[in-house]
file entry-v3.cif (mmCIF, C-alpha atoms)
data_start
#
loop_
_atom_site.label_atom_id
_atom_site.label_comp_id
_atom_site.auth_asym_id
_atom_site.auth_seq_id
_atom_site.Cartn_x
_atom_site.Cartn_y
_atom_site.Cartn_z
CA MET A 5 -24.83 29.58 12.97
CA LYS A 6 -23.44 29.37 9.43
CA LYS A 7 -20.21 31.00 10.61
CA GLY A 8 -19.82 28.33 13.30
CA TRP A 9 -20.09 25.44 10.81
CA PHE A 10 -17.74 27.20 8.43
CA SER A 11 -15.13 27.54 11.23
CA VAL A 12 -15.46 23.87 12.12
CA ALA A 13 -15.07 22.86 8.45
CA VAL A 14 -11.96 25.03 8.07
CA LEU A 15 -10.40 23.56 11.24
CA LEU A 16 -11.08 20.01 10.07
CA PHE A 17 -9.62 20.80 6.65
CA LEU A 18 -6.49 22.39 8.07
CA GLY A 19 -6.03 19.61 10.61
CA GLY A 20 -6.21 16.97 7.90
CA CYS A 21 -3.71 18.81 5.72
CA SER A 22 -0.87 18.43 8.20
CA GLN A 23 -0.53 14.68 7.76
CA VAL A 24 1.51 13.13 4.95
CA ALA A 25 -0.71 10.07 4.61
CA SER A 26 -4.42 9.70 5.16
CA ASP A 27 -5.91 7.50 7.86
CA GLY A 28 -6.17 4.70 5.28
CA ALA A 29 -2.42 4.18 5.51
CA CYS A 30 -2.86 2.11 8.67
CA SER A 31 -4.58 -0.67 6.71
CA ILE A 32 -1.97 -1.17 3.99
CA ASP A 33 -0.36 -4.54 3.36
CA ARG A 34 1.75 -3.80 0.28
CA VAL A 35 3.79 -0.92 -1.12
CA HIS A 36 4.87 -0.35 -4.70
CA VAL A 37 7.79 2.05 -5.04
CA VAL A 38 7.83 3.34 -8.62
CA LEU A 39 11.24 4.68 -9.60
CA ASN A 40 12.57 6.16 -12.80
CA ASP A 41 15.02 3.82 -14.49
CA GLU A 42 16.70 4.88 -17.71
CA THR A 43 17.83 1.30 -18.38
CA SER A 44 14.23 0.02 -18.41
CA THR A 45 12.34 0.05 -21.71
CA LEU A 46 9.36 1.64 -19.94
CA GLY A 47 11.50 4.20 -18.15
CA LYS A 48 10.08 3.13 -14.79
CA VAL A 49 10.56 0.22 -12.47
CA SER A 50 8.19 -0.82 -9.68
CA VAL A 51 9.54 -2.49 -6.55
CA VAL A 52 6.92 -4.40 -4.53
CA ILE A 53 7.36 -4.55 -0.76
CA ASN A 54 4.96 -6.84 1.08
CA ASP A 55 7.01 -8.05 4.04
CA PRO A 56 4.71 -7.47 7.04
CA SER A 57 7.44 -6.04 9.30
CA SER A 58 8.68 -3.66 6.60
CA VAL A 59 5.14 -2.48 5.83
CA ALA A 60 4.50 -1.98 9.57
CA GLU A 61 7.64 0.19 9.76
CA LEU A 62 6.39 2.24 6.82
CA VAL A 63 2.99 2.76 8.47
CA GLU A 64 4.72 3.96 11.65
CA ILE A 65 6.85 6.43 9.64
CA LEU A 66 3.78 7.78 7.83
CA ASP A 67 1.79 8.05 11.07
CA THR A 68 4.39 10.39 12.56
CA ALA A 69 5.41 12.31 9.40
CA LYS A 70 4.01 15.81 9.05
CA LYS A 71 3.55 17.96 5.99
CA GLY A 72 5.42 21.23 6.53
CA GLY A 73 5.50 24.49 4.65
CA LEU A 74 5.49 25.12 0.93
CA VAL A 75 8.75 24.89 -0.96
CA ARG A 76 9.35 28.07 -2.93
CA ASP A 77 9.79 27.64 -6.68
CA ASP A 78 13.27 29.16 -6.58
CA GLU A 79 14.30 26.56 -3.93
CA LEU A 80 13.09 23.57 -5.93
CA LEU A 81 15.28 21.64 -8.32
CA LEU A 82 12.88 19.25 -10.03
CA ALA A 83 13.82 15.59 -10.36
CA PRO A 84 11.83 12.74 -11.94
CA ALA A 85 9.07 11.83 -9.48
CA VAL A 86 9.19 8.76 -7.26
CA PHE A 87 5.83 7.30 -6.23
CA TYR A 88 4.94 5.28 -3.14
CA GLU A 89 1.70 3.44 -3.93
CA LEU A 90 -0.01 2.07 -0.81
CA TYR A 91 -2.30 -0.95 -1.19
CA ASP A 92 -4.80 -2.78 0.97
CA GLY A 93 -5.20 -6.08 -0.86
CA ASP A 94 -6.01 -5.16 -4.46
CA ASP A 95 -7.26 -1.68 -3.53
CA LEU A 96 -4.97 1.29 -4.09
CA VAL A 97 -5.35 3.31 -0.87
CA GLN A 98 -3.06 6.25 -1.60
CA ILE A 99 -0.25 7.50 -3.82
CA LEU A 100 2.51 9.66 -2.39
CA MET A 101 4.56 11.54 -5.00
CA PHE A 102 8.01 12.84 -4.10
CA ASN A 103 10.59 14.98 -5.87
CA GLY A 104 12.96 12.25 -7.03
CA GLU A 105 14.40 10.14 -4.24
CA ASP A 106 14.17 13.15 -1.93
CA THR A 107 11.32 12.08 0.36
CA LEU A 108 11.66 15.38 2.24
CA ARG A 109 9.63 17.05 -0.53
CA LEU A 110 6.10 15.85 -1.26
CA PHE A 111 3.86 16.94 -4.14
CA ARG A 112 0.19 17.54 -3.34
CA GLY A 113 -2.31 19.36 -5.51
CA GLY A 114 0.34 20.74 -7.84
CA LEU A 115 2.36 22.19 -4.96
CA CYS A 116 5.53 20.96 -3.27
CA PHE A 117 5.68 20.72 0.54
CA GLU A 118 8.45 19.98 3.01
CA VAL A 119 8.01 16.74 4.98
CA GLU A 120 9.12 16.49 8.59
CA TYR A 121 9.95 13.06 10.02
CA GLU A 122 10.35 12.23 13.69
CA GLY A 123 12.99 9.60 13.01
CA VAL A 124 13.76 7.57 9.92
CA THR A 125 12.85 9.18 6.60
CA LEU A 126 10.97 7.30 3.91
CA SER A 127 14.08 7.14 1.71
CA ASP A 128 16.13 5.73 4.63
CA TRP A 129 13.42 3.11 5.16
CA TYR A 130 13.49 2.17 1.47
CA LYS A 131 17.30 1.81 1.47
CA LYS A 132 17.08 -0.42 4.57
CA VAL A 133 14.40 -2.61 2.96
CA GLN A 134 16.52 -2.94 -0.21
CA GLN A 135 19.52 -4.08 1.84
CA LYS A 136 17.40 -6.82 3.46
CA GLY A 137 16.30 -8.20 0.11
#

call {"tool": "encode", "arguments": {"input": "entry-v3.cif", "output": "structure tokens"}}
result
Amino acid sequence: MKKGWFSVAVLLFLGGCSQVASDGACSIDRVHVVLNDETSTLGKVSVVINDPSSVAELVEILDTAKKGGLVRDDELLLAPAVFYELYDGDDLVQILMFNGEDTLRLFRGGLCFEVEYEGVTLSDWYKKVQQKG
């Protein structure tokens, strides 16, 4: 019986690992994109996106994005991290950390993974939102 529960736990763990964002992403109403900015005195700048249609687009992108395989160390050129902080009201739901503006590479647990999108990438979405504003 112990082997059966262990198998179920492993399957649940592996199934949950394939998604870029957790289930909490569907309840977000605001996104902070934290970028590195050498002209800022703090070295970082945070862009707040709270337009309901833009946030809904982000949620759709995250719902369909899948975490792919590991990026080998010799294939990774590190860039200053870019963070997507997802909020539900005042509660921070999740932080997604990417290798620079390359949202095709996601950091999780000290490792870097490829991200597969079905359509628009997160960086394409961000550029589109910036053009609106």

call {"tool": "resolve_selection", "arguments": {"input": "entry-v3.cif", "expression": "the PyMOL selection byres ((chain A and resi 55) around 10)", "output": "ChimeraX atom specification"}}
result
/A:33-35,52-54,56-60,133

call {"tool": "closest_residue", "arguments": {"input": "entry-v3.cif", "among": "A:Leu62, A:Leu115, A:Val37, A:Leu126", "to": "Asp77 of chain A", "atoms": "all atoms listed in the file"}}
result
A:Leu115

call {"tool": "residues_around", "arguments": {"input": "entry-v3.cif", "residues": "Leu96 of chain A", "least_positions_apart": "3", "cutoff": "12 Å", "atoms": "all atoms listed in the file", "output": "JSON, numbers by chain"}}
result
{"A": [28, 29, 31, 32, 33, 34, 35, 36, 88, 89, 90, 91, 92, 93, 99, 100]}

call {"tool": "closest_residue", "arguments": {"input": "entry-v3.cif", "among": "A:Glu61, A:Glu118, A:Asp128, A:Asp106", "to": "Val75 of chain A", "atoms": "all atoms listed in the file"}}
result
A:Glu118

call {"tool": "resolve_selection", "arguments": {"input": "entry-v3.cif", "expression": "the PyMOL selection byres ((chain A and resi 49) around 6)", "output": "MDAnalysis selection string"}}
result
chainID A and resid 38:39 48 50

call {"tool": "atom_distance", "arguments": {"input": "entry-v3.cif", "atom1": "atom CA of Glu64 of chain A", "atom2": "atom CA of Leu81 of chain A"}}
result
28.7 Å

call {"tool": "atom_distance", "arguments": {"input": "entry-v3.cif", "atom1": "atom CA of Lys136 of chain A", "atom2": "atom CA of Val51 of chain A"}}
result
13.4 Å

call {"tool": "atom_distance", "arguments": {"input": "entry-v3.cif", "atom1": "atom CA of Glu105 of chain A", "atom2": "atom CA of Ile65 of chain A"}}
result
16.2 Å

call {"tool": "closest_residue", "arguments": {"input": "entry-v3.cif", "among": "A:Asn40, A:Asp67, A:Pro84, A:Val97", "to": "Thr125 of chain A", "atoms": "only C-alpha atoms"}}
result
A:Asp67

call {"tool": "resolve_selection", "arguments": {"input": "entry-v3.cif", "expression": "the PyMOL selection byres ((chain A and resi 123) around 9)", "output": "PyMOL selection string"}}
result
chain A and resi 65+68-69+121-122+124-125

call {"tool": "closest_residue", "arguments": {"input": "entry-v3.cif", "among": "A:Leu110, A:Tyr130, A:Val86, A:Phe102", "to": "Asp41 of chain A", "atoms": "only C-alpha atoms"}}
result
A:Val86

call {"tool": "residues_around", "arguments": {"input": "entry-v3.cif", "residues": "Leu82 of chain A", "least_positions_apart": "2", "cutoff": "8 Å", "atoms": "only C-alpha atoms", "output": "PyMOL selection string"}}
result
chain A and resi 80+84+103-104

call {"tool": "closest_residue", "arguments": {"input": "entry-v3.cif", "among": "A:Gln134, A:Met101, A:Leu66, A:Asp95", "to": "Gly113 of chain A", "atoms": "only C-alpha atoms"}}
result
A:Met101

call {"tool": "closest_residue", "arguments": {"input": "entry-v3.cif", "among": "A:Thr107, A:Gln98, A:Lys132, A:Ala85", "to": "Glu120 of chain A", "atoms": "all atoms listed in the file"}}
result
A:Thr107
